[in-house]
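> Next comes the structure file input.tsv, holding TSV, C-alpha atoms and all ligand atoms.
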chain	number	residue	atom	x	y	z
A	1	MET	CA	20.92	5.15	-16.60
A	2	ILE	CA	18.70	7.78	-18.19
A	3	VAL	CA	15.34	6.73	-19.59
A	4	THR	CA	13.45	9.47	-21.37
A	5	ALA	CA	9.69	9.18	-21.26
A	6	LYS	CA	7.79	10.19	-24.37
A	7	PRO	CA	5.10	12.83	-23.92
A	8	LEU	CA	1.81	11.39	-22.72
A	9	THR	CA	-0.12	9.70	-25.49
A	10	ALA	CA	-3.19	7.56	-25.76
A	11	HIS	CA	-0.87	4.59	-25.01
A	12	ALA	CA	-0.49	5.73	-21.39
A	13	ASN	CA	-2.90	3.34	-19.77
A	14	ILE	CA	-1.49	2.56	-16.31
A	15	ALA	CA	-1.74	5.24	-13.65
A	16	ILE	CA	-0.41	5.25	-10.13
A	17	LEU	CA	-2.43	7.39	-7.76
A	18	GLY	CA	-0.19	8.88	-5.07
A	19	ALA	CA	3.33	9.96	-6.05
A	20	GLY	CA	4.84	9.11	-2.65
A	21	ALA	CA	7.39	6.48	-1.65
A	22	ILE	CA	5.45	3.36	-2.72
A	23	GLY	CA	3.80	5.10	-5.71
A	24	GLN	CA	7.19	6.10	-7.13
A	25	LEU	CA	8.62	2.64	-6.32
A	26	MET	CA	5.81	0.98	-8.30
A	27	TYR	CA	6.33	3.51	-11.11
A	28	HIS	CA	10.03	2.66	-11.39
A	29	LYS	CA	9.46	-1.07	-11.09
A	30	LEU	CA	6.89	-0.95	-13.88
A	31	CYS	CA	8.98	1.33	-16.14
A	32	LEU	CA	12.60	0.41	-15.69
A	33	THR	CA	13.89	-2.64	-17.44
A	34	GLY	CA	17.60	-2.09	-17.05
A	35	GLN	CA	17.88	-1.62	-20.79
A	36	ALA	CA	17.01	1.71	-22.33
A	37	VAL	CA	15.84	0.06	-25.52
A	38	GLN	CA	13.21	-1.90	-23.62
A	39	ALA	CA	12.38	0.96	-21.32
A	40	GLU	CA	10.55	2.71	-24.14
A	41	GLN	CA	8.27	-0.29	-24.52
A	42	PHE	CA	7.12	0.24	-20.97
A	43	ASN	CA	6.40	3.92	-21.30
A	44	ASP	CA	2.73	3.40	-20.56
A	45	VAL	CA	2.76	4.50	-16.91
A	46	VAL	CA	1.89	7.87	-15.39
A	47	LEU	CA	1.62	9.12	-11.83
A	48	ILE	CA	-1.37	11.05	-10.54
A	49	GLY	CA	-0.37	13.74	-8.07
A	50	ARG	CA	-1.95	16.65	-6.31
A	51	GLN	CA	-0.76	19.25	-8.85
A	52	PRO	CA	-3.63	21.17	-10.49
A	53	ILE	CA	-2.04	20.82	-13.94
A	54	THR	CA	-0.34	17.92	-15.67
A	55	GLN	CA	3.44	18.22	-15.54
A	56	GLN	CA	6.59	16.35	-16.50
A	57	HIS	CA	9.03	15.76	-13.65
A	58	LYS	CA	12.51	14.35	-13.48
A	59	LEU	CA	12.51	11.43	-11.03
A	60	GLN	CA	15.43	9.70	-9.36
A	61	PHE	CA	15.38	6.11	-8.19
A	62	THR	CA	18.23	4.67	-6.14
A	63	ASP	CA	18.01	0.91	-6.48
A	64	HIS	CA	19.13	-1.80	-4.04
A	65	SER	CA	22.65	-1.81	-5.51
A	66	GLY	CA	22.99	1.93	-4.88
A	67	GLN	CA	22.71	2.80	-8.60
A	68	THR	CA	20.60	5.90	-9.26
A	69	HIS	CA	18.33	5.88	-12.32
A	70	HIS	CA	16.93	9.07	-13.83
A	71	THR	CA	13.60	9.19	-15.63
A	72	THR	CA	11.15	11.83	-16.73
A	73	ALA	CA	7.62	11.01	-15.65
A	74	THR	CA	4.25	12.49	-16.47
A	75	ILE	CA	2.40	13.57	-13.34
A	76	LEU	CA	-1.23	13.75	-14.37
A	77	SER	CA	-3.60	16.17	-12.69
A	78	SER	CA	-6.79	14.64	-11.36
A	79	ASP	CA	-8.91	16.36	-14.00
A	80	ASP	CA	-6.79	15.65	-17.06
A	81	THR	CA	-8.93	14.20	-19.85
A	82	HIS	CA	-6.26	11.51	-20.40
A	83	LEU	CA	-7.70	9.77	-17.34
A	84	ALA	CA	-10.25	8.36	-19.79
A	85	ASN	CA	-7.41	6.22	-21.26
A	86	ILE	CA	-6.44	4.67	-17.96
A	87	ASN	CA	-7.36	1.00	-17.73
A	88	LEU	CA	-5.25	0.09	-14.69
A	89	LEU	CA	-5.12	2.38	-11.68
A	90	ILE	CA	-2.82	1.40	-8.80
A	91	VAL	CA	-3.73	3.32	-5.66
A	92	CYS	CA	-0.65	3.99	-3.49
A	93	VAL	CA	-1.92	6.60	-1.02
A	94	LYS	CA	-2.17	6.03	2.74
A	95	ALA	CA	-5.25	4.10	3.89
A	96	TYR	CA	-6.88	7.26	5.29
A	97	GLN	CA	-6.40	9.05	1.93
A	98	VAL	CA	-7.94	6.39	-0.34
A	99	GLU	CA	-11.55	7.57	-0.39
A	100	ASN	CA	-10.76	11.26	-0.96
A	101	ALA	CA	-8.18	10.50	-3.60
A	102	LEU	CA	-9.96	7.74	-5.52
A	103	LEU	CA	-13.72	8.28	-5.45
A	104	PRO	CA	-13.70	11.56	-7.43
A	105	LEU	CA	-11.67	9.84	-10.17
A	106	LEU	CA	-13.97	6.86	-10.79
A	107	SER	CA	-16.23	8.64	-13.29
A	108	LYS	CA	-13.22	9.93	-15.25
A	109	LEU	CA	-11.44	6.61	-15.88
A	110	ALA	CA	-11.89	4.24	-18.84
A	111	PRO	CA	-15.22	2.45	-18.26
A	112	ASN	CA	-13.44	-0.93	-17.96
A	113	CYS	CA	-10.62	0.35	-15.74
A	114	HIS	CA	-9.30	-1.99	-13.04
A	115	VAL	CA	-8.42	-0.46	-9.67
A	116	VAL	CA	-5.80	-1.98	-7.37
A	117	LEU	CA	-5.61	-0.79	-3.75
A	118	LEU	CA	-2.11	-1.18	-2.32
A	119	HIS	CA	-1.93	0.17	1.19
A	120	ASN	CA	-1.38	-1.08	4.72
A	121	GLY	CA	-4.46	-1.74	6.85
A	122	LEU	CA	-8.00	-2.64	5.82
A	123	GLY	CA	-11.25	-0.76	5.45
A	124	PRO	CA	-11.18	1.49	2.37
A	125	HIS	CA	-12.18	-1.47	0.16
A	126	LEU	CA	-15.66	-1.36	1.73
A	127	ALA	CA	-16.40	2.21	0.61
A	128	VAL	CA	-14.65	1.70	-2.73
A	129	SER	CA	-16.57	-1.49	-3.58
A	130	GLU	CA	-19.83	0.28	-2.68
A	131	ALA	CA	-18.92	3.18	-5.00
A	132	LEU	CA	-18.03	0.71	-7.78
A	133	GLU	CA	-21.63	-0.54	-7.82
A	134	HIS	CA	-22.36	2.56	-9.96
A	135	TYR	CA	-19.67	1.51	-12.48
A	136	PRO	CA	-20.44	-2.11	-13.37
A	137	ALA	CA	-17.57	-2.54	-15.85
A	138	LEU	CA	-14.90	-1.43	-13.39
A	139	GLY	CA	-13.07	-4.01	-11.26
A	140	LEU	CA	-11.27	-3.98	-7.94
A	141	SER	CA	-8.25	-5.93	-6.74
A	142	LEU	CA	-6.64	-5.60	-3.34
A	143	GLY	CA	-3.04	-6.05	-2.42
A	144	THR	CA	-0.24	-5.49	-0.02
A	145	THR	CA	3.48	-5.15	-0.45
A	146	SER	CA	6.44	-5.90	1.78
A	147	GLN	CA	8.70	-3.90	-0.50
A	148	ALA	CA	9.82	-0.67	1.09
A	149	ALA	CA	10.92	2.73	-0.13
A	150	LEU	CA	12.14	5.92	1.45
A	151	LYS	CA	11.55	9.39	0.10
A	152	ILE	CA	14.92	11.19	-0.08
A	153	SER	CA	13.22	14.26	-1.55
A	154	GLN	CA	9.90	14.79	-3.31
A	155	TRP	CA	11.03	13.19	-6.58
A	156	HIS	CA	13.85	10.96	-5.36
A	157	ILE	CA	13.21	7.64	-3.68
A	158	LYS	CA	15.44	4.85	-2.45
A	159	HIS	CA	14.48	1.18	-2.53
A	160	THR	CA	15.02	0.17	1.09
A	161	GLY	CA	13.32	-3.17	1.55
A	162	PHE	CA	12.53	-6.31	-0.35
A	163	GLY	CA	9.70	-8.71	-0.10
A	164	VAL	CA	6.61	-10.12	-1.62
A	165	THR	CA	3.76	-8.20	-3.27
A	166	GLN	CA	0.46	-10.07	-2.85
A	167	LEU	CA	-2.59	-9.30	-4.97
A	168	GLY	CA	-6.03	-10.75	-5.60
A	169	HIS	CA	-9.39	-9.99	-7.15
A	170	TYR	CA	-12.03	-8.50	-4.86
A	171	CYS	CA	-15.08	-7.44	-6.94
A	172	GLY	CA	-16.31	-6.32	-10.33
A	173	THR	CA	-14.70	-7.21	-13.64
A	174	PRO	CA	-11.52	-9.27	-13.12
A	175	LEU	CA	-8.14	-7.93	-14.21
A	176	SER	CA	-7.43	-8.89	-17.83
A	177	THR	CA	-4.73	-11.47	-18.55
A	178	GLU	CA	-2.87	-8.78	-20.51
A	179	LEU	CA	-2.71	-6.40	-17.53
A	180	LYS	CA	-1.86	-9.25	-15.16
A	181	HIS	CA	1.02	-10.08	-17.45
A	182	ARG	CA	2.06	-6.41	-17.52
A	183	LEU	CA	2.14	-6.39	-13.69
A	184	GLN	CA	4.73	-9.17	-13.80
A	185	ALA	CA	7.22	-6.30	-14.29
A	186	LEU	CA	6.87	-5.82	-10.52
A	187	HIS	CA	8.57	-9.21	-10.24
A	188	ARG	CA	11.48	-8.37	-12.53
A	189	ASP	CA	14.02	-7.96	-9.72
A	190	ASN	CA	13.12	-11.41	-8.36
A	191	GLN	CA	10.87	-10.06	-5.62
A	192	PRO	CA	7.83	-12.35	-5.72
A	193	LEU	CA	4.47	-11.19	-7.04
A	194	GLU	CA	1.82	-13.60	-5.77
A	195	TRP	CA	-1.86	-13.87	-6.70
A	196	TYR	CA	-4.42	-15.08	-4.18
A	197	GLN	CA	-8.04	-16.08	-4.54
A	198	PRO	CA	-9.63	-15.19	-2.17
A	199	VAL	CA	-7.36	-12.29	-1.24
A	200	LEU	CA	-8.88	-11.26	2.12
A	201	PRO	CA	-7.20	-13.99	4.23
A	202	ILE	CA	-3.77	-12.78	3.12
A	203	LEU	CA	-4.73	-9.17	3.89
A	204	TRP	CA	-5.91	-10.18	7.38
A	205	GLN	CA	-2.57	-11.92	7.86
A	206	LYS	CA	-0.75	-8.69	6.92
A	207	LEU	CA	-3.16	-6.80	9.17
A	208	ALA	CA	-2.05	-9.01	12.09
A	209	ILE	CA	1.60	-8.15	11.41
A	210	ASN	CA	0.84	-4.43	11.37
A	211	ALA	CA	-1.59	-4.63	14.31
A	212	VAL	CA	1.18	-6.05	16.48
A	213	ILE	CA	4.36	-4.36	15.29
A	214	ASN	CA	3.15	-0.87	14.41
A	215	PRO	CA	1.42	0.28	17.62
A	216	LEU	CA	3.74	-1.58	19.99
A	217	SER	CA	6.87	-0.13	18.37
A	218	ALA	CA	5.32	3.37	18.28
A	219	LEU	CA	4.18	3.25	21.91
A	220	ASN	CA	7.42	1.75	23.21
A	221	LYS	CA	9.59	3.86	20.88
A	222	CYS	CA	11.57	0.84	19.79
A	223	ALA	CA	12.86	-0.93	16.70
A	224	ASN	CA	10.74	-3.87	15.52
A	225	GLY	CA	13.26	-6.41	16.86
A	226	GLN	CA	12.80	-5.34	20.47
A	227	LEU	CA	9.25	-6.70	20.36
A	228	ALA	CA	10.75	-10.20	20.60
A	229	ALA	CA	11.31	-9.51	24.32
A	230	GLU	CA	9.32	-11.65	26.76
A	231	GLU	CA	7.48	-8.65	28.26
A	232	TYR	CA	5.56	-8.03	24.98
A	233	GLN	CA	4.41	-11.62	24.40
A	234	PRO	CA	1.13	-11.56	26.40
A	235	GLN	CA	0.02	-8.39	24.58
A	236	ILE	CA	1.02	-9.81	21.19
A	237	THR	CA	-0.97	-12.99	21.85
A	238	ALA	CA	-4.00	-10.96	22.94
A	239	ILE	CA	-3.91	-8.74	19.81
A	240	ILE	CA	-3.80	-11.83	17.60
A	241	ASP	CA	-6.47	-13.79	19.48
A	242	GLU	CA	-8.88	-10.84	19.25
A	243	LEU	CA	-8.12	-10.39	15.54
A	244	VAL	CA	-8.69	-14.10	14.83
A	245	ASP	CA	-12.14	-13.97	16.52
A	246	VAL	CA	-13.17	-10.90	14.51
A	247	ALA	CA	-11.86	-12.35	11.24
A	248	LYS	CA	-13.86	-15.54	11.91
A	249	CYS	CA	-17.08	-13.51	12.16
A	250	ASP	CA	-16.05	-11.91	8.86
A	251	GLY	CA	-15.83	-15.39	7.32
A	252	ILE	CA	-12.02	-15.58	7.40
A	253	GLU	CA	-10.50	-18.60	9.20
A	254	LEU	CA	-7.02	-17.89	10.56
A	255	ASP	CA	-4.85	-20.16	12.67
A	256	PRO	CA	-3.67	-18.17	15.74
A	257	ALA	CA	-0.53	-20.28	16.23
A	258	GLN	CA	0.52	-19.88	12.59
A	259	LEU	CA	-0.23	-16.16	12.73
A	260	LEU	CA	1.84	-15.76	15.89
A	261	ASN	CA	4.75	-17.54	14.22
A	262	ARG	CA	4.45	-15.33	11.15
A	263	VAL	CA	4.40	-12.18	13.30
A	264	LYS	CA	7.50	-13.37	15.20
A	265	GLN	CA	9.19	-14.13	11.89
A	266	VAL	CA	8.52	-10.59	10.60
A	267	ILE	CA	9.75	-9.12	13.92
A	268	ALA	CA	13.00	-11.03	13.38
A	269	LEU	CA	13.26	-10.26	9.65
A	270	THR	CA	12.69	-6.53	10.19
A	271	SER	CA	14.44	-6.31	13.55
A	272	ALA	CA	16.45	-3.20	12.70
A	273	ASN	CA	13.45	-1.36	11.15
A	274	PHE	CA	11.50	1.40	12.78
A	275	SER	CA	7.91	0.72	11.77
A	276	SER	CA	5.96	3.19	9.65
A	277	MET	CA	3.76	4.03	12.67
A	278	TYR	CA	6.79	4.70	14.87
A	279	GLN	CA	8.07	7.03	12.14
A	280	ASP	CA	4.69	8.70	11.62
A	281	VAL	CA	4.41	9.43	15.35
A	282	THR	CA	8.01	10.67	15.53
A	283	HIS	CA	7.42	13.05	12.60
A	284	HIS	CA	4.01	14.17	13.90
A	285	ARG	CA	2.21	12.70	10.87
A	286	VAL	CA	-1.23	11.12	10.85
A	287	THR	CA	-0.93	7.37	11.52
A	288	GLU	CA	-2.86	4.51	9.88
A	289	ILE	CA	-4.02	3.19	13.30
A	290	ASP	CA	-7.73	3.64	12.40
A	291	TYR	CA	-7.25	1.21	9.49
A	292	ILE	CA	-5.12	-1.30	11.41
A	293	ASN	CA	-6.20	-1.93	15.03
A	294	GLY	CA	-9.07	0.50	14.36
A	295	TYR	CA	-10.40	-1.78	11.60
A	296	ILE	CA	-10.36	-4.74	14.00
A	297	CYS	CA	-12.39	-2.64	16.49
A	298	GLN	CA	-14.81	-1.43	13.79
A	299	GLN	CA	-15.56	-4.97	12.63
A	300	ALA	CA	-15.74	-6.19	16.26
A	301	ARG	CA	-18.52	-3.64	16.92
A	302	ARG	CA	-20.52	-5.12	14.01
A	303	TYR	CA	-20.35	-8.56	15.64
A	304	ASN	CA	-20.70	-7.40	19.24
A	305	LEU	CA	-17.26	-8.73	20.15
A	306	ALA	CA	-15.03	-7.25	22.82
A	307	VAL	CA	-11.50	-6.42	21.65
A	308	PRO	CA	-10.04	-4.56	24.66
A	309	THR	CA	-6.38	-4.93	23.72
A	310	ASN	CA	-6.81	-3.56	20.21
A	311	GLN	CA	-9.16	-0.85	21.49
A	312	SER	CA	-6.66	0.35	24.07
A	313	LEU	CA	-3.90	0.49	21.42
A	314	VAL	CA	-6.09	2.69	19.19
A	315	VAL	CA	-6.73	5.07	22.09
A	316	LYS	CA	-3.05	5.17	23.15
A	317	VAL	CA	-1.69	5.74	19.64
A	318	ALA	CA	-4.31	8.44	19.00
A	319	ALA	CA	-3.20	10.17	22.21
A	320	LEU	CA	0.45	9.86	21.15
A	321	SER	CA	-0.32	11.46	17.79
A	322	GLN	CA	-1.62	14.62	19.44
A	323	TYR	CA	1.85	15.69	20.60
B	401	LIG	N1	6.88	3.43	2.36
B	401	LIG	C1	7.01	2.12	2.50
B	401	LIG	O1	8.13	1.59	2.49
B	401	LIG	C2	5.80	1.23	2.61
B	401	LIG	C3	4.51	1.74	2.63
B	401	LIG	N2	3.44	0.88	2.65
B	401	LIG	C4	2.08	1.41	2.65
B	401	LIG	O2	1.83	2.02	1.37
B	401	LIG	C5	0.92	3.11	1.52
B	401	LIG	C6	1.58	4.38	0.95
B	401	LIG	O3	2.70	4.68	1.77
B	401	LIG	P1	3.84	5.71	1.34
B	401	LIG	O4	4.09	5.63	-0.10
B	401	LIG	O5	4.96	5.49	2.29
B	401	LIG	O6	3.11	7.09	1.69
B	401	LIG	P2	3.46	8.54	1.14
B	401	LIG	O7	2.85	9.53	2.06
B	401	LIG	O8	4.93	8.62	0.83
B	401	LIG	O9	2.70	8.56	-0.25
B	401	LIG	C7	1.34	8.84	-0.43
B	401	LIG	C8	1.26	9.85	-1.55
B	401	LIG	O10	-0.08	10.00	-1.94
B	401	LIG	C9	-0.32	11.39	-2.11
B	401	LIG	N3	-1.75	11.70	-2.01
B	401	LIG	C10	-2.53	11.66	-0.92
B	401	LIG	N4	-3.79	12.04	-1.22
B	401	LIG	C11	-3.78	12.33	-2.54
B	401	LIG	C12	-4.77	12.81	-3.45
B	401	LIG	N5	-6.03	13.09	-3.04
B	401	LIG	N6	-4.42	13.00	-4.74
B	401	LIG	C13	-3.16	12.76	-5.16
B	401	LIG	N7	-2.17	12.33	-4.35
B	401	LIG	C14	-2.48	12.11	-3.06
B	401	LIG	C15	0.47	12.01	-0.99
B	401	LIG	O11	0.62	13.40	-1.16
B	401	LIG	P3	0.87	14.30	0.16
B	401	LIG	O12	2.23	13.91	0.66
B	401	LIG	O13	0.78	15.69	-0.38
B	401	LIG	O14	-0.23	13.93	1.12
B	401	LIG	C16	1.78	11.23	-1.11
B	401	LIG	O15	2.59	11.76	-2.14
B	401	LIG	C17	0.62	3.20	3.03
B	401	LIG	O16	-0.53	2.48	3.32
B	401	LIG	C18	1.83	2.51	3.67
B	401	LIG	O17	1.55	1.98	4.94
B	401	LIG	C19	3.59	-0.47	2.62
B	401	LIG	C20	4.83	-1.02	2.60
B	401	LIG	C21	6.03	-0.23	2.66
B	402	LIG	C1	6.07	-4.95	8.31
B	402	LIG	C2	6.28	-3.58	8.95
B	402	LIG	C3	5.87	-3.65	10.39
B	402	LIG	C4	7.77	-3.36	8.81
B	402	LIG	O1	8.24	-2.31	9.59
B	402	LIG	C5	5.44	-2.55	8.24
B	402	LIG	O2	4.73	-2.88	7.31
B	402	LIG	C6	5.38	-1.15	8.68
B	402	LIG	O3	6.32	-0.64	9.29
B	402	LIG	O4	4.35	-0.51	8.39
Please express what this file holds, its structure, as structure tokens.
Ligand SMILES: NC(=O)C1=CN([C@@H]2O[C@H](COP(=O)(O)OP(=O)(O)OC[C@H]3O[C@@H](n4cnc5c(N)ncnc54)[C@H](OP(=O)(O)O)[C@@H]3O)[C@@H](O)[C@H]2O)C=CC1
Ligand SMILES: CC(C)(CO)C(=O)C(=O)O

Amino acid sequence: MIVTAKPLTAHANIAILGAGAIGQLMYHKLCLTGQAVQAEQFNDVVLIGRQPITQQHKLQFTDHSGQTHHTTATILSSDDTHLANINLLIVCVKAYQVENALLPLLSKLAPNCHVVLLHNGLGPHLAVSEALEHYPALGLSLGTTSQAALKISQWHIKHTGFGVTQLGHYCGTPLSTELKHRLQALHRDNQPLEWYQPVLPILWQKLAINAVINPLSALNKCANGQLAAEEYQPQITAIIDELVDVAKCDGIELDPAQLLNRVKQVIALTSANFSSMYQDVTHHRVTEIDYINGYICQQARRYNLAVPTNQSLVVKVAALSQY
């Protein structure tokens, strides 16, 4: 199916920062309706890339049924004046890229723009919410997705995994009902979009999943499913127990037994997957360890808690990343 985007107009009011795998997935999910006639109605989305000038690019999206869709997207440069029209900005860069990518944009967005952070790990929301204090009409929501996408080439992605996208308000002006409704497009292929208030407990739960699966799979060079083996269980329990203690000091009550069950469930559900950290290490890319187990350690320091298991995983993964 070919959907032709109109040139950028004042109607373009949703921007996705980070034109990578998840950024392009969100773009397609927000734009494509399966019917060209409707697709034009949803031509209000642009991507923000690293290019110094705004460009139009042909994108390809291979959906879960193997069908490839072609669209033309506007890739906005980070100093395009059209940023002033953006009232919903979905940030889809890696956790360690959020501050550099987002903070310089804040003064250029519509004054009532709502920002949504959608990355693995935790931590960038602290710096972002501090920066938002200078922009009282802006708002911040946080989220996480279990959808997955693979970059086939720079402008071609494949939808590789299904799952829930979980979002919730964090600070500033809440997301308008109209934009919330518009985000329901993310749910169009029956993958749940869930709203949480407060959102942090759900993000800590996702953090637990990543804090167990990502470093253990990277260090043991194994698929997620192998972590069900008996030999990993003491370490898994220790990672979770430490995380639960830190979260408690942060005001988040988590049930360690429930969390352990959830982690085991995700290990089983994603048994054939190689985690993103395993893949980052294999391809000599920077990992998100500082925002996963590293975030647990950072918060533990604030509360004078010892988290030796998480600390040793941070050190070991950092050492692995040097080769
Ligand atoms: N891929 C997946 O299936 C899943 C990913 N996630 C999470 O989603 C987040 C994004 O992951 P993913 O999409 O895979 O990562 P990618 O590296 O594919 O995408 C990030 C994109 O952001 C771009 N970017 C970085 N900094 C800037 C900047 N300053 N200005 C403009 N663009 C910038 C990157 O460009 P460049 O490449 O040039 O750095 C890249 O295109 C991560 O936290 C990941 O853990 C969660 C669930 C599944
Ligand atoms: C859930 C999990 C562990 C799936 O592989 C993931 O989010 C990741 O790889 O980063």
> When you count all atoms listed in the file, which of these residues is closest to His64 of chain A: A:Gln322, A:Asn85, A:Gln147, A:Gln279?
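Smallest distance to His64 of chain A is found for A:Gln147.
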> With only C-alpha atoms as the counted atoms, please give the residues lying no more than 12 Å from Lys248 of chain A, apart from itself and same-chain residues fewer than 6 positions off, as a PyMOL selection string.
chain A and resi 200-201+204+241-242+254-256+296+299-300+303+305
> For the selection you just gave me, I'd like the residues written to a file as an mmCIF file, keeping the file's coordinate frame, keeping C-alpha atoms.

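Contents of result20.cif, freshly written:
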data_model
loop_
_atom_site.group_PDB
_atom_site.id
_atom_site.type_symbol
_atom_site.label_atom_id
_atom_site.label_comp_id
_atom_site.auth_asym_id
_atom_site.auth_seq_id
_atom_site.Cartn_x
_atom_site.Cartn_y
_atom_site.Cartn_z
ATOM 1 C CA LEU A 200 -8.880 -11.260 2.120
ATOM 2 C CA PRO A 201 -7.200 -13.990 4.230
ATOM 3 C CA TRP A 204 -5.910 -10.180 7.380
ATOM 4 C CA ASP A 241 -6.470 -13.790 19.480
ATOM 5 C CA GLU A 242 -8.880 -10.840 19.250
ATOM 6 C CA LEU A 254 -7.020 -17.890 10.560
ATOM 7 C CA ASP A 255 -4.850 -20.160 12.670
ATOM 8 C CA PRO A 256 -3.670 -18.170 15.740
ATOM 9 C CA ILE A 296 -10.360 -4.740 14.000
ATOM 10 C CA GLN A 299 -15.560 -4.970 12.630
ATOM 11 C CA ALA A 300 -15.740 -6.190 16.260
ATOM 12 C CA TYR A 303 -20.350 -8.560 15.640
ATOM 13 C CA LEU A 305 -17.260 -8.730 20.150
#
> Would you work out the distance separating atom CA of His181 of chain A from atom CA of Pro198 of chain A, expressed in Å to one decimal?
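Separation of atom CA of His181 of chain A and atom CA of Pro198 of chain A: 19.3 Å.
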> To one decimal place, how far is atom CA of Asn304 of chain A from atom CA of Leu219 of chain A in Å?
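Atom-to-atom, atom CA of Asn304 of chain A to atom CA of Leu219 of chain A, that is 27.2 Å.
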> So which residues are near ligand LIG 402 (chain B), meaning at most 8 Å away with all atoms listed in the file counted, given back as a list in words?
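Listed by chain and ascending number, the contacts are Asn120, Ser146, Lys206, Ile209, Asn210, Ile213, Asn214, Asn224, Val266, Ile267, Thr270, Asn273, Phe274, Ser275, Ser276, Met277 and Tyr278 of chain A.
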> With distances taken over only C-alpha atoms, which residue among A:Leu259, A:Ala306, A:Ala218, A:Ala229 lies nearest Asp245 of chain A?
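Using only C-alpha atoms, the shortest distance to Asp245 of chain A belongs to A:Ala306.
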> Report, in Å to a single decimal, how far apart atom CA of Gln154 of chain A and atom CA of Gln191 of chain A are.
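These atoms are spaced 25.0 Å apart.
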> Mind filling out segment 84-96 of chain A with N, CA and C atoms and sending it as a JSON list (two decimals), in the frame of the given file?

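Writing the result to part08.json gives the following:
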[["chain", "number", "residue", "atom", "x", "y", "z"],
["A", 84, "ALA", "N", -9.31, 9.23, -19.07],
["A", 84, "ALA", "CA", -10.25, 8.36, -19.79],
["A", 84, "ALA", "C", -9.53, 7.22, -20.50],
["A", 85, "ASN", "N", -8.18, 7.31, -20.64],
["A", 85, "ASN", "CA", -7.41, 6.22, -21.26],
["A", 85, "ASN", "C", -6.90, 5.21, -20.26],
["A", 86, "ILE", "N", -7.07, 5.51, -18.99],
["A", 86, "ILE", "CA", -6.44, 4.67, -17.96],
["A", 86, "ILE", "C", -7.24, 3.39, -17.76],
["A", 87, "ASN", "N", -6.63, 2.24, -18.00],
["A", 87, "ASN", "CA", -7.36, 1.00, -17.73],
["A", 87, "ASN", "C", -6.78, 0.17, -16.58],
["A", 88, "LEU", "N", -5.72, 0.70, -15.95],
["A", 88, "LEU", "CA", -5.25, 0.09, -14.69],
["A", 88, "LEU", "C", -4.81, 1.23, -13.78],
["A", 89, "LEU", "N", -5.45, 1.31, -12.63],
["A", 89, "LEU", "CA", -5.12, 2.38, -11.68],
["A", 89, "LEU", "C", -4.64, 1.73, -10.38],
["A", 90, "ILE", "N", -3.38, 1.98, -10.03],
["A", 90, "ILE", "CA", -2.82, 1.40, -8.80],
["A", 90, "ILE", "C", -2.80, 2.50, -7.75],
["A", 91, "VAL", "N", -3.53, 2.27, -6.67],
["A", 91, "VAL", "CA", -3.73, 3.32, -5.66],
["A", 91, "VAL", "C", -2.68, 3.13, -4.55],
["A", 92, "CYS", "N", -1.78, 4.11, -4.44],
["A", 92, "CYS", "CA", -0.65, 3.99, -3.49],
["A", 92, "CYS", "C", -0.65, 5.14, -2.48],
["A", 93, "VAL", "N", -1.84, 5.57, -2.06],
["A", 93, "VAL", "CA", -1.92, 6.60, -1.02],
["A", 93, "VAL", "C", -2.07, 5.88, 0.33],
["A", 94, "LYS", "N", -1.97, 6.63, 1.42],
["A", 94, "LYS", "CA", -2.17, 6.03, 2.74],
["A", 94, "LYS", "C", -3.64, 5.60, 2.86],
["A", 95, "ALA", "N", -3.89, 4.64, 3.76],
["A", 95, "ALA", "CA", -5.25, 4.10, 3.89],
["A", 95, "ALA", "C", -6.28, 5.22, 4.13],
["A", 96, "TYR", "N", -5.92, 6.21, 4.96],
["A", 96, "TYR", "CA", -6.88, 7.26, 5.29],
["A", 96, "TYR", "C", -7.06, 8.27, 4.15]]
